[in-house]
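Q: Next up, entry-v1.tsv (TSV, C-alpha atoms).
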chain	number	residue	atom	x	y	z
Q	130	MET	CA	78.78	116.18	93.63
Q	131	PRO	CA	79.28	114.58	97.05
Q	132	ASP	CA	80.49	110.97	97.26
Q	133	PRO	CA	77.87	108.24	97.63
Q	134	MET	CA	77.01	106.77	101.01
Q	135	LYS	CA	77.11	103.09	101.85
Q	136	ILE	CA	73.76	101.70	103.00
Q	137	ARG	CA	72.97	98.21	104.22
Q	138	ALA	CA	69.38	97.27	105.08
Q	139	THR	CA	68.34	93.88	106.47
Q	140	LEU	CA	65.00	92.54	107.56
Q	141	VAL	CA	65.22	91.11	111.09
Q	142	GLY	CA	61.91	89.65	112.28
Q	143	ASP	CA	59.27	92.31	111.74
Q	144	SER	CA	61.60	95.30	111.55
Q	145	THR	CA	64.32	96.57	109.23
Q	146	GLU	CA	67.85	97.31	110.41
Q	147	VAL	CA	69.57	100.05	108.45
Q	148	LYS	CA	73.30	100.80	108.67
Q	149	THR	CA	74.80	103.74	106.81
Q	150	ILE	CA	78.20	105.29	106.39
Q	151	ILE	CA	78.08	108.83	105.03
Q	152	SER	CA	81.05	110.48	103.33
Q	153	HIS	CA	81.31	114.02	104.72
Q	154	GLU	CA	84.03	116.30	106.12
Q	155	MET	CA	81.85	117.48	109.06
Q	156	GLU	CA	83.92	120.59	109.84
Q	157	THR	CA	82.94	122.15	113.15
Q	158	GLY	CA	83.96	125.72	112.35
Q	159	GLN	CA	86.26	125.68	115.39
Q	160	ARG	CA	89.43	124.39	113.76
Q	161	LYS	CA	92.20	126.55	112.36
Q	162	ASP	CA	94.27	125.69	109.30
Q	163	GLY	CA	98.05	125.91	108.86
Q	164	GLN	CA	97.85	129.69	108.33
Q	165	GLY	CA	95.82	130.23	111.52
Q	166	LYS	CA	92.62	130.97	109.64
Q	167	ILE	CA	89.38	129.40	110.82
Q	168	VAL	CA	88.21	126.48	108.68
Q	169	PRO	CA	84.58	127.35	107.89
Q	170	ALA	CA	81.87	125.19	109.38
Q	171	TRP	CA	80.60	122.55	106.98
Q	172	PHE	CA	78.37	119.85	108.37
Q	173	ILE	CA	75.21	117.87	107.71
Q	174	GLN	CA	72.11	119.49	109.16
Q	175	THR	CA	69.29	117.12	108.31
Q	176	VAL	CA	69.07	113.42	107.59
Q	177	THR	CA	65.87	111.82	106.37
Q	178	ALA	CA	65.11	108.18	105.72
Q	179	THR	CA	62.03	107.15	103.80
Q	180	TYR	CA	60.42	103.81	103.12
Q	181	ALA	CA	57.43	103.36	100.82
Q	182	GLY	CA	56.82	107.10	100.68
Q	183	LYS	CA	56.77	107.48	104.45
Q	184	THR	CA	59.45	109.15	106.57
Q	185	VAL	CA	60.86	106.56	108.99
Q	186	LEU	CA	63.66	108.69	110.42
Q	187	SER	CA	64.20	112.41	110.56
Q	188	ALA	CA	67.27	113.81	112.32
Q	189	GLN	CA	68.78	117.23	112.91
Q	190	TRP	CA	72.56	117.12	113.18
Q	191	GLY	CA	75.12	119.61	114.35
Q	192	PRO	CA	78.90	120.06	114.23
Q	193	ALA	CA	79.45	117.53	117.06
Q	194	VAL	CA	78.85	114.59	114.73
Q	195	ALA	CA	82.05	112.85	113.55
Q	196	LYS	CA	83.63	113.00	110.12
Q	197	ASN	CA	82.38	110.21	107.81
Q	198	PRO	CA	79.58	109.40	110.28
Q	199	PHE	CA	78.05	105.99	110.87
Q	200	LEU	CA	74.27	105.93	111.35
Q	201	ALA	CA	72.36	102.83	112.41
Q	202	PHE	CA	68.63	102.63	113.13
Q	203	LYS	CA	65.65	100.27	113.04
Q	204	PHE	CA	62.11	100.79	111.90
Q	205	LYS	CA	59.02	98.60	112.18
Q	206	GLY	CA	57.97	96.98	108.94
Q	207	GLY	CA	59.83	96.74	105.66
Q	208	ALA	CA	59.90	93.90	103.14
Q	209	LYS	CA	62.68	92.10	101.30
Q	210	GLY	CA	63.32	93.57	97.87
Q	211	GLU	CA	61.80	96.95	98.76
Q	212	LYS	CA	63.93	100.09	98.91
Q	213	VAL	CA	64.99	102.40	101.73
Q	214	GLN	CA	66.03	105.90	100.74
Q	215	ILE	CA	68.29	108.20	102.73
Q	216	THR	CA	68.88	111.89	102.09
Q	217	TRP	CA	71.19	114.35	103.83
Q	218	VAL	CA	71.45	118.12	103.44
Q	219	ASP	CA	74.39	120.14	104.77
Q	220	ASN	CA	74.75	123.79	105.76
Q	221	ARG	CA	76.05	124.68	102.27
Q	222	GLY	CA	72.83	123.37	100.80
Q	223	GLU	CA	74.58	120.40	99.21
Q	224	LYS	CA	72.61	117.20	99.34
Q	225	ARG	CA	72.86	113.58	98.47
Q	226	THR	CA	70.27	110.80	98.19
Q	227	ASP	CA	71.07	107.10	98.02
Q	228	GLU	CA	68.97	104.00	98.34
Q	229	ALA	CA	69.41	100.37	99.27
Q	230	VAL	CA	67.35	97.26	98.69
Q	231	ILE	CA	66.30	95.48	101.87
Q	232	GLY	CA	67.92	92.06	102.05
N	173	MET	CA	82.39	81.91	145.44
N	174	SER	CA	85.91	80.53	145.39
N	175	VAL	CA	86.59	81.55	141.78
N	176	PRO	CA	86.19	85.33	142.27
N	177	LEU	CA	88.30	85.04	145.44
N	178	ILE	CA	91.15	83.38	143.57
N	179	ALA	CA	90.86	85.98	140.83
N	180	LEU	CA	91.03	88.75	143.40
N	181	PHE	CA	94.08	87.16	144.99
N	182	ALA	CA	95.78	86.85	141.61
N	183	LEU	CA	95.03	90.48	140.79
N	184	ALA	CA	96.52	91.60	144.08
N	185	LEU	CA	99.84	90.06	143.11
N	186	LEU	CA	100.16	92.05	139.88
N	187	PRO	CA	102.04	95.34	139.95
N	188	ALA	CA	99.76	98.36	139.46
N	189	SER	CA	101.41	99.39	136.18
N	190	VAL	CA	100.64	96.06	134.53
N	191	LEU	CA	97.01	96.38	135.61
N	192	ALA	CA	96.67	99.89	134.25
N	193	GLN	CA	98.20	98.87	130.94
N	194	GLY	CA	96.02	95.76	130.68
N	195	SER	CA	92.78	97.65	131.19
N	196	ALA	CA	93.70	100.40	128.71
N	197	VAL	CA	94.56	97.79	126.09
N	198	ASP	CA	91.23	96.04	126.73
N	199	GLU	CA	89.36	99.30	126.35
N	200	ILE	CA	91.10	100.04	123.05
N	201	ALA	CA	90.23	96.54	121.83
N	202	LYS	CA	86.58	97.15	122.77
N	203	TYR	CA	86.65	100.50	120.99
N	204	ARG	CA	88.00	98.87	117.83
N	205	ALA	CA	85.35	96.14	117.98
N	206	ALA	CA	82.62	98.78	118.30
N	207	LEU	CA	83.95	100.60	115.25
N	208	GLN	CA	84.34	97.47	113.12
N	209	ASP	CA	80.69	97.46	112.08
N	210	GLY	CA	80.83	100.79	110.35
N	211	ASN	CA	84.29	101.09	108.86
N	212	PRO	CA	84.42	104.23	106.66
N	213	ALA	CA	87.21	102.49	104.69
N	214	GLU	CA	84.28	101.18	102.63
N	215	LEU	CA	83.81	104.69	101.28
N	216	TRP	CA	87.41	104.67	100.00
N	217	GLU	CA	86.97	101.18	98.55
N	218	ALA	CA	83.86	102.30	96.65
N	219	ARG	CA	85.58	105.41	95.31
N	220	GLY	CA	88.67	103.37	94.40
N	221	GLU	CA	86.61	100.86	92.45
N	222	GLY	CA	85.16	103.73	90.44
N	223	LEU	CA	88.66	105.12	89.76
N	224	TRP	CA	89.96	101.69	88.76
N	225	LYS	CA	87.16	101.01	86.28
N	226	SER	CA	86.59	104.43	84.73
N	227	PRO	CA	88.61	105.79	81.78
N	228	ARG	CA	91.03	108.46	83.01
N	229	GLY	CA	94.13	110.36	81.98
N	230	PRO	CA	95.26	111.82	78.63
N	231	LYS	CA	94.80	108.42	76.94
N	232	ASN	CA	91.34	108.03	78.48
N	233	VAL	CA	91.63	104.35	79.40
N	234	SER	CA	90.79	102.52	82.62
N	235	LEU	CA	93.34	100.74	84.81
N	236	GLU	CA	91.77	97.40	83.94
N	237	ARG	CA	94.74	96.65	81.65
N	238	CYS	CA	97.10	97.03	84.58
N	239	ASP	CA	98.86	93.80	85.62
N	240	LEU	CA	99.22	93.70	89.40
N	241	GLY	CA	101.10	90.42	89.23
N	242	LEU	CA	98.30	87.96	88.50
N	243	GLY	CA	97.53	89.08	84.94
N	244	PRO	CA	96.03	92.23	83.39
N	245	GLY	CA	93.02	93.48	85.32
N	246	VAL	CA	93.14	90.76	87.99
N	247	VAL	CA	92.55	92.47	91.32
N	248	LYS	CA	91.35	89.57	93.46
N	249	GLY	CA	94.22	88.38	95.66
N	250	ALA	CA	96.74	90.73	94.01
N	251	TYR	CA	97.70	92.64	97.16
N	252	ALA	CA	98.58	89.45	99.05
N	253	GLN	CA	101.47	88.67	96.64
N	254	LEU	CA	102.99	92.15	96.53
N	255	PRO	CA	105.68	93.49	96.47
N	256	LYS	CA	107.14	91.48	93.58
N	257	TYR	CA	109.50	91.84	90.65
N	258	PHE	CA	107.92	93.07	87.40
N	259	ALA	CA	109.91	92.48	84.21
N	260	ASP	CA	108.14	95.27	82.28
N	261	ALA	CA	109.29	97.84	84.84
N	262	ASP	CA	112.55	95.96	85.62
N	263	ARG	CA	111.96	96.72	89.27
N	264	VAL	CA	110.49	95.27	92.46
N	265	GLN	CA	107.24	97.16	93.04
N	266	ASP	CA	104.69	97.44	95.81
N	267	LEU	CA	101.06	98.25	95.05
N	268	GLU	CA	101.43	102.03	95.13
N	269	THR	CA	104.48	101.97	92.87
N	270	ARG	CA	102.74	99.59	90.48
N	271	LEU	CA	99.64	101.81	90.34
N	272	VAL	CA	101.81	104.83	89.52
N	273	PHE	CA	103.59	102.76	86.84
N	274	CYS	CA	100.25	101.77	85.25
N	275	MET	CA	98.88	105.31	85.42
N	276	VAL	CA	101.98	106.52	83.54
N	277	THR	CA	102.21	103.60	81.06
N	278	PHE	CA	98.55	103.11	80.15
N	279	GLN	CA	96.73	106.30	81.09
N	280	GLY	CA	99.45	108.71	79.94
N	281	PHE	CA	99.88	110.64	83.17
N	282	THR	CA	103.32	112.02	83.92
N	283	ASP	CA	105.14	110.49	86.88
N	284	ALA	CA	104.64	113.71	88.88
N	285	GLU	CA	100.91	113.83	88.09
N	286	ALA	CA	100.44	110.19	89.11
N	287	LYS	CA	102.27	110.71	92.42
N	288	LYS	CA	100.48	113.96	93.20
N	289	GLY	CA	98.72	113.88	96.57
N	290	PRO	CA	99.68	110.41	97.73
N	291	PHE	CA	98.22	111.13	101.18
N	292	GLY	CA	94.86	112.84	101.65
N	293	GLY	CA	94.00	115.50	104.22
N	294	PRO	CA	91.15	117.82	105.11
N	295	GLY	CA	89.55	118.94	101.88
N	296	ARG	CA	91.93	117.04	99.58
N	297	LYS	CA	91.14	113.49	98.67
N	298	SER	CA	93.86	111.18	97.47
N	299	ASP	CA	93.07	109.04	94.44
N	300	LEU	CA	95.97	106.72	95.27
N	301	GLU	CA	94.65	106.01	98.76
N	302	ALA	CA	91.25	105.16	97.29
N	303	LEU	CA	92.77	102.86	94.64
N	304	VAL	CA	94.87	101.11	97.28
N	305	ALA	CA	91.78	100.64	99.49
N	306	TYR	CA	89.91	99.00	96.62
N	307	VAL	CA	92.72	96.69	95.50
N	308	ALA	CA	93.69	95.71	99.06
N	309	GLY	CA	90.04	95.01	99.94
N	310	GLN	CA	89.95	92.46	97.12
N	311	SER	CA	92.55	90.37	98.99
N	312	ARG	CA	90.57	90.07	102.20
N	313	GLY	CA	90.87	86.50	103.47
N	314	VAL	CA	93.61	85.60	100.96
N	315	LYS	CA	96.81	84.15	102.46
N	316	MET	CA	99.89	86.34	102.19
N	317	ASN	CA	102.17	84.82	99.56
N	318	VAL	CA	105.09	87.12	98.77
N	319	SER	CA	107.68	85.61	96.45
N	320	GLN	CA	111.45	85.41	96.94
N	321	ALA	CA	112.05	83.58	93.67
N	322	HIS	CA	113.71	86.39	91.72
N	323	PRO	CA	117.19	87.63	92.73
N	324	ARG	CA	115.89	91.21	92.80
N	325	GLU	CA	113.19	90.18	95.25
N	326	GLN	CA	115.84	88.62	97.49
N	327	GLU	CA	117.92	91.77	97.19
N	328	ALA	CA	114.95	93.94	98.22
N	329	TYR	CA	114.30	91.71	101.24
N	330	ARG	CA	117.92	91.88	102.37
N	331	LEU	CA	117.97	95.67	101.96
N	332	GLY	CA	114.70	95.98	103.89
N	333	GLU	CA	116.04	93.82	106.70
N	334	LYS	CA	119.18	95.95	106.90
N	335	MET	CA	117.10	99.14	107.04
N	336	PHE	CA	114.89	97.68	109.78
N	337	TYR	CA	117.91	97.23	112.08
N	338	TYR	CA	119.87	100.31	110.93
N	339	ARG	CA	120.26	102.93	113.65
N	340	GLY	CA	120.51	106.57	112.68
N	341	GLY	CA	119.04	110.03	112.81
N	342	THR	CA	119.15	112.56	115.65
N	343	HIS	CA	117.68	110.03	118.08
N	344	ASP	CA	119.90	107.11	117.02
N	345	PHE	CA	116.75	105.09	116.34
N	346	ALA	CA	116.14	102.03	114.22
N	347	CYS	CA	112.75	100.54	113.36
N	348	ALA	CA	113.86	97.72	115.66
N	349	THR	CA	114.26	100.10	118.61
N	350	CYS	CA	110.48	100.19	118.97
N	351	HIS	CA	109.46	97.15	116.94
N	352	GLY	CA	112.14	94.60	117.88
N	353	ASP	CA	110.85	93.41	121.27
N	354	ASP	CA	107.54	92.32	122.78
N	355	GLY	CA	105.57	94.62	125.07
N	356	LYS	CA	106.80	98.02	123.80
N	357	ARG	CA	104.39	100.89	123.41
N	358	ILE	CA	104.06	104.55	122.45
N	359	ARG	CA	101.72	106.28	124.90
N	360	LEU	CA	98.88	103.73	125.20
N	361	GLN	CA	99.33	102.05	121.85
N	362	ASP	CA	100.96	98.66	121.96
N	363	LEU	CA	103.62	98.33	119.30
N	364	PRO	CA	103.83	95.10	117.34
N	365	ASN	CA	107.12	93.22	117.52
N	366	LEU	CA	107.85	93.08	113.81
N	367	SER	CA	110.87	90.85	114.25
N	368	SER	CA	108.56	88.01	115.30
N	369	THR	CA	106.45	86.14	112.76
N	370	GLU	CA	103.28	86.66	114.77
N	371	GLY	CA	103.88	90.38	115.15
N	372	ALA	CA	104.73	90.94	111.48
N	373	ARG	CA	101.66	88.99	110.40
N	374	LYS	CA	99.29	90.88	112.68
N	375	ALA	CA	100.66	94.26	111.65
N	376	TYR	CA	101.06	93.78	107.91
N	377	THR	CA	97.66	92.15	107.35
N	378	THR	CA	95.81	95.09	108.96
N	379	TRP	CA	97.17	97.85	106.69
N	380	PRO	CA	95.82	99.84	104.85
N	381	ALA	CA	93.48	101.10	107.57
N	382	TYR	CA	91.03	103.87	108.30
N	383	ARG	CA	92.60	106.07	110.97
N	384	VAL	CA	89.74	107.40	113.11
N	385	SER	CA	91.87	110.16	114.64
N	386	GLN	CA	92.69	111.48	111.16
N	387	GLY	CA	89.46	110.64	109.37
N	388	GLU	CA	91.51	109.24	106.50
N	389	LEU	CA	92.34	105.91	104.99
N	390	ARG	CA	96.08	105.31	105.28
N	391	THR	CA	98.23	103.05	103.11
N	392	PHE	CA	101.40	101.15	103.95
N	393	GLN	CA	103.50	103.81	102.22
N	394	TRP	CA	101.96	106.34	104.62
N	395	ARG	CA	102.66	104.06	107.60
N	396	LEU	CA	106.34	103.80	106.72
N	397	ASN	CA	106.55	107.52	105.92
N	398	ASP	CA	105.16	108.40	109.34
N	399	CYS	CA	107.46	105.93	111.13
N	400	PHE	CA	110.40	107.69	109.48
N	401	ARG	CA	109.06	111.05	110.63
N	402	GLN	CA	108.69	109.78	114.19
N	403	GLN	CA	112.27	108.48	114.10
N	404	ARG	CA	113.47	111.90	112.83
N	405	PHE	CA	114.84	110.17	109.74
N	406	PRO	CA	115.06	112.01	106.41
N	407	GLU	CA	111.74	111.89	104.59
N	408	LEU	CA	111.05	108.52	103.00
N	409	VAL	CA	110.48	109.28	99.31
N	410	TYR	CA	107.12	107.99	98.04
N	411	ALA	CA	107.44	104.82	95.97
N	412	SER	CA	111.24	104.82	96.40
N	413	ASP	CA	113.31	101.63	96.32
N	414	ALA	CA	113.95	102.11	100.06
N	415	SER	CA	110.22	102.19	100.85
N	416	ILE	CA	109.62	99.11	98.69
N	417	ALA	CA	112.50	97.21	100.29
N	418	LEU	CA	111.15	97.80	103.79
N	419	THR	CA	107.65	96.81	102.62
N	420	MET	CA	109.13	93.65	101.06
N	421	PHE	CA	110.84	92.72	104.35
N	422	LEU	CA	107.64	93.14	106.38
N	423	ALA	CA	105.27	91.65	103.80
N	424	ARG	CA	107.42	88.57	103.29
N	425	ASN	CA	107.62	88.04	107.07
N	426	ALA	CA	103.80	88.03	107.14
N	427	ASN	CA	103.63	85.14	104.62
N	428	GLY	CA	101.01	82.51	105.44
N	429	ALA	CA	98.69	84.83	107.37
N	430	ALA	CA	95.24	85.68	106.01
N	431	PHE	CA	95.06	89.27	104.79
N	432	ASP	CA	92.42	91.29	106.66
N	433	ALA	CA	92.33	94.92	105.54
N	434	PRO	CA	91.33	97.72	105.05
N	435	ALA	CA	91.03	97.66	108.83
N	436	ILE	CA	90.09	100.39	111.29
N	437	LYS	CA	92.50	101.85	113.82
N	438	ARG	CA	92.12	104.43	116.55
What's the structure tokens form of this structure?
A:
Amino acid sequence: MPDPMKIRATLVGDSTEVKTIISHEMETGQRKDGQGKIVPAWFIQTVTATYAGKTVLSAQWGPAVAKNPFLAFKFKGGAKGEKVQITWVDNRGEKRTDEAVIG
Amino acid sequence: MSVPLIALFALALLPASVLAQGSAVDEIAKYRAALQDGNPAELWEARGEGLWKSPRGPKNVSLERCDLGLGPGVVKGAYAQLPKYFADADRVQDLETRLVFCMVTFQGFTDAEAKKGPFGGPGRKSDLEALVAYVAGQSRGVKMNVSQAHPREQEAYRLGEKMFYYRGGTHDFACATCHGDDGKRIRLQDLPNLSSTEGARKAYTTWPAYRVSQGELRTFQWRLNDCFRQQRFPELVYASDASIALTMFLARNANGAAFDAPAIKR
């Protein structure tokens, strides 16, 4: 089971600011270990954010994204007390969904 | 119009090396500020909180009975008064040493099990680093208040001070060789002058920290361990009296400053 992500969501005017830190190794597949063997690629491929049943962000990621990545975005709308949900899926098929209440 | 002219004149008087150094330092400061908003240290703090509160080990109990110096289970502000002398262990202990002690005493781990994997790396997470991140984070904003009341605490400070100025190893280095004067640096990183109050405060209150270049959260034990490696000293044994003494010297010198970690560093 992957570690949880940290999500902060705040209503600013008429849009919601979301800031997320995701716990992930994000291996590029280019690095070699101490024995000279290639460390297999292991990275997040898709990130989806939903609010009230609607997708507000959909991203395709590759190996160039940093380890433990920070993702910040804004979407129009949102209301205090409602939830934003974020899901990522990596190239091993592992996934993780977390949610945050908009403050 | 006159202000930019004066500024230009002043700049022209500075040697080129000072200029280059100044701008690099500014850029690093900007880089740190940009990272501050999304410090992945929070991930370690969250994992550490889980480890602290959940029953673990052969005895299946949580660490909430562990006394970090302010009473059993009190985490808030605990890091800011460590290292200190603990009568139950009859030893001066820093946070890492105390955590290992509690894992052995309450949770029933062996000493070797508790100290296993003190520093994380790719694919191996360190429980100790996570626990340290959580406990240290609970002292954010608390003033450093390390005691020198007990004779053993004074002894640890004196030993730490001696080690700080002791020259040795293949390079005839002491900690003070790099950290005893203002304005020293390794490559582009400015080194804090740990012999000054200001320098010790700034350095000690910003560890543990998330090291961006390593993608790991690093503790003060790691910091000292890596300084020893860079000096070509023999390996500093994890949670040894020597490591605690040096921590005591630096922590005590930071007394009075507000603790501000886990931080983020390049």
Q: Using all atoms listed in the file, find the residues of chain N whose closest atom to chain Q is at most 10 Å away, then write them as a PDB file with C-alpha atoms, in the frame of the given file.
A:
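Written out: part.pdb:
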ATOM      1  CA  LEU N 207      83.950 100.600 115.250  1.00  0.00           C
ATOM      2  CA  ASP N 209      80.690  97.460 112.080  1.00  0.00           C
ATOM      3  CA  GLY N 210      80.830 100.790 110.350  1.00  0.00           C
ATOM      4  CA  ASN N 211      84.290 101.090 108.860  1.00  0.00           C
ATOM      5  CA  PRO N 212      84.420 104.230 106.660  1.00  0.00           C
ATOM      6  CA  ALA N 213      87.210 102.490 104.690  1.00  0.00           C
ATOM      7  CA  GLU N 214      84.280 101.180 102.630  1.00  0.00           C
ATOM      8  CA  LEU N 215      83.810 104.690 101.280  1.00  0.00           C
ATOM      9  CA  TRP N 216      87.410 104.670 100.000  1.00  0.00           C
ATOM     10  CA  ALA N 218      83.860 102.300  96.650  1.00  0.00           C
ATOM     11  CA  ARG N 219      85.580 105.410  95.310  1.00  0.00           C
ATOM     12  CA  PRO N 294      91.150 117.820 105.110  1.00  0.00           C
ATOM     13  CA  GLY N 295      89.550 118.940 101.880  1.00  0.00           C
ATOM     14  CA  VAL N 384      89.740 107.400 113.110  1.00  0.00           C
ATOM     15  CA  SER N 385      91.870 110.160 114.640  1.00  0.00           C
ATOM     16  CA  GLN N 386      92.690 111.480 111.160  1.00  0.00           C
ATOM     17  CA  GLY N 387      89.460 110.640 109.370  1.00  0.00           C
ATOM     18  CA  GLU N 388      91.510 109.240 106.500  1.00  0.00           C
TER      19      GLU N 388
END
Q: Between atom CA of Q:Thr226 and atom CA of Q:Gly191, what is the distance in Å, rounded to a tenth?
A: 19.0 Å
Q: What separation in Å, quoted to one decimal, exists between atom CA of N:Ala348 and atom CA of N:Pro364?
A: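 Going from atom CA of N:Ala348 over to atom CA of N:Pro364, I get 10.5 Å.
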Q: Give me the box for stretch 261-280 of chain N as JSON, namely the centre and edge lengths in Å to one decimal of a box along x, y and z that holds every listed atom plus 5 Å on each side.
A:
{"center_x": 104.6, "center_y": 102.0, "center_z": 87.9, "size_x": 25.8, "size_y": 23.4, "size_z": 25.9}
Q: One decimal, in Å: what's the spacing between atom CA of N:Pro323 and atom CA of N:Gln265?
A: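 One can read the atom CA of N:Pro323 to atom CA of N:Gln265 distance as 13.8 Å.
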Q: Might you pull out every residue within 8 Å of N:Asn317, with only C-alpha atoms counted and same-chain residues fewer than 4 positions away left off, and present them as an MDAnalysis selection string?
A: chainID N and resid 252:254 424 427:428
Q: Which residues are close to N:Ala435, i.e. within 7 Å by only C-alpha atoms, leaving aside same-chain residues fewer than 2 positions away? Reply as a count of residues only.
A: 8
Q: Counting only C-alpha atoms, what is within 8 Å of stretch 396-409 of chain N, bar same-chain residues fewer than 5 positions away, as a PyMOL selection string?
A: chain N and resi 340-343+345-347+414-415
Q: In terms of the shortest atom-to-atom distance over only C-alpha atoms, which of Q:Leu186, Q:Met130, Q:Met155, Q:Ile136 is closest to Q:Gly232?
A: Q:Ile136
Q: Please return stretch 316-332 of chain N, rebuilt to N, CA and C atoms, as a compact mmCIF listing (two decimals), keeping the file's coordinate frame.
A:
# COMPACT_ATOMS: atom_id res chain seq x y z
N MET N 316 98.72 85.60 102.67
CA MET N 316 99.89 86.34 102.19
C MET N 316 100.86 85.37 101.52
N ASN N 317 101.30 85.71 100.31
CA ASN N 317 102.17 84.82 99.56
C ASN N 317 103.15 85.65 98.73
N VAL N 318 104.13 86.24 99.43
CA VAL N 318 105.09 87.12 98.77
C VAL N 318 106.30 86.28 98.33
N SER N 319 106.66 86.45 97.06
CA SER N 319 107.68 85.61 96.45
C SER N 319 109.10 86.09 96.78
N GLN N 320 110.01 85.12 96.83
CA GLN N 320 111.45 85.41 96.94
C GLN N 320 112.19 84.65 95.85
N ALA N 321 111.49 84.41 94.73
CA ALA N 321 112.05 83.58 93.67
C ALA N 321 113.08 84.34 92.84
N HIS N 322 112.83 85.61 92.58
CA HIS N 322 113.71 86.39 91.72
C HIS N 322 114.84 87.01 92.54
N PRO N 323 116.06 87.05 91.97
CA PRO N 323 117.19 87.63 92.73
C PRO N 323 116.92 89.06 93.21
N ARG N 324 116.18 89.83 92.40
CA ARG N 324 115.89 91.21 92.80
C ARG N 324 114.96 91.26 94.01
N GLU N 325 114.08 90.26 94.09
CA GLU N 325 113.19 90.18 95.25
C GLU N 325 113.99 89.85 96.51
N GLN N 326 114.98 88.96 96.35
CA GLN N 326 115.84 88.62 97.49
C GLN N 326 116.66 89.83 97.92
N GLU N 327 117.12 90.58 96.92
CA GLU N 327 117.92 91.77 97.19
C GLU N 327 117.09 92.80 97.97
N ALA N 328 115.83 92.98 97.54
CA ALA N 328 114.95 93.94 98.22
C ALA N 328 114.71 93.51 99.66
N TYR N 329 114.53 92.21 99.87
CA TYR N 329 114.30 91.71 101.24
C TYR N 329 115.51 91.98 102.12
N ARG N 330 116.69 91.69 101.58
CA ARG N 330 117.92 91.88 102.37
C ARG N 330 118.12 93.36 102.72
N LEU N 331 117.84 94.22 101.73
CA LEU N 331 117.97 95.67 101.96
C LEU N 331 116.96 96.13 103.02
N GLY N 332 115.74 95.61 102.93
CA GLY N 332 114.70 95.98 103.89
C GLY N 332 115.06 95.54 105.29
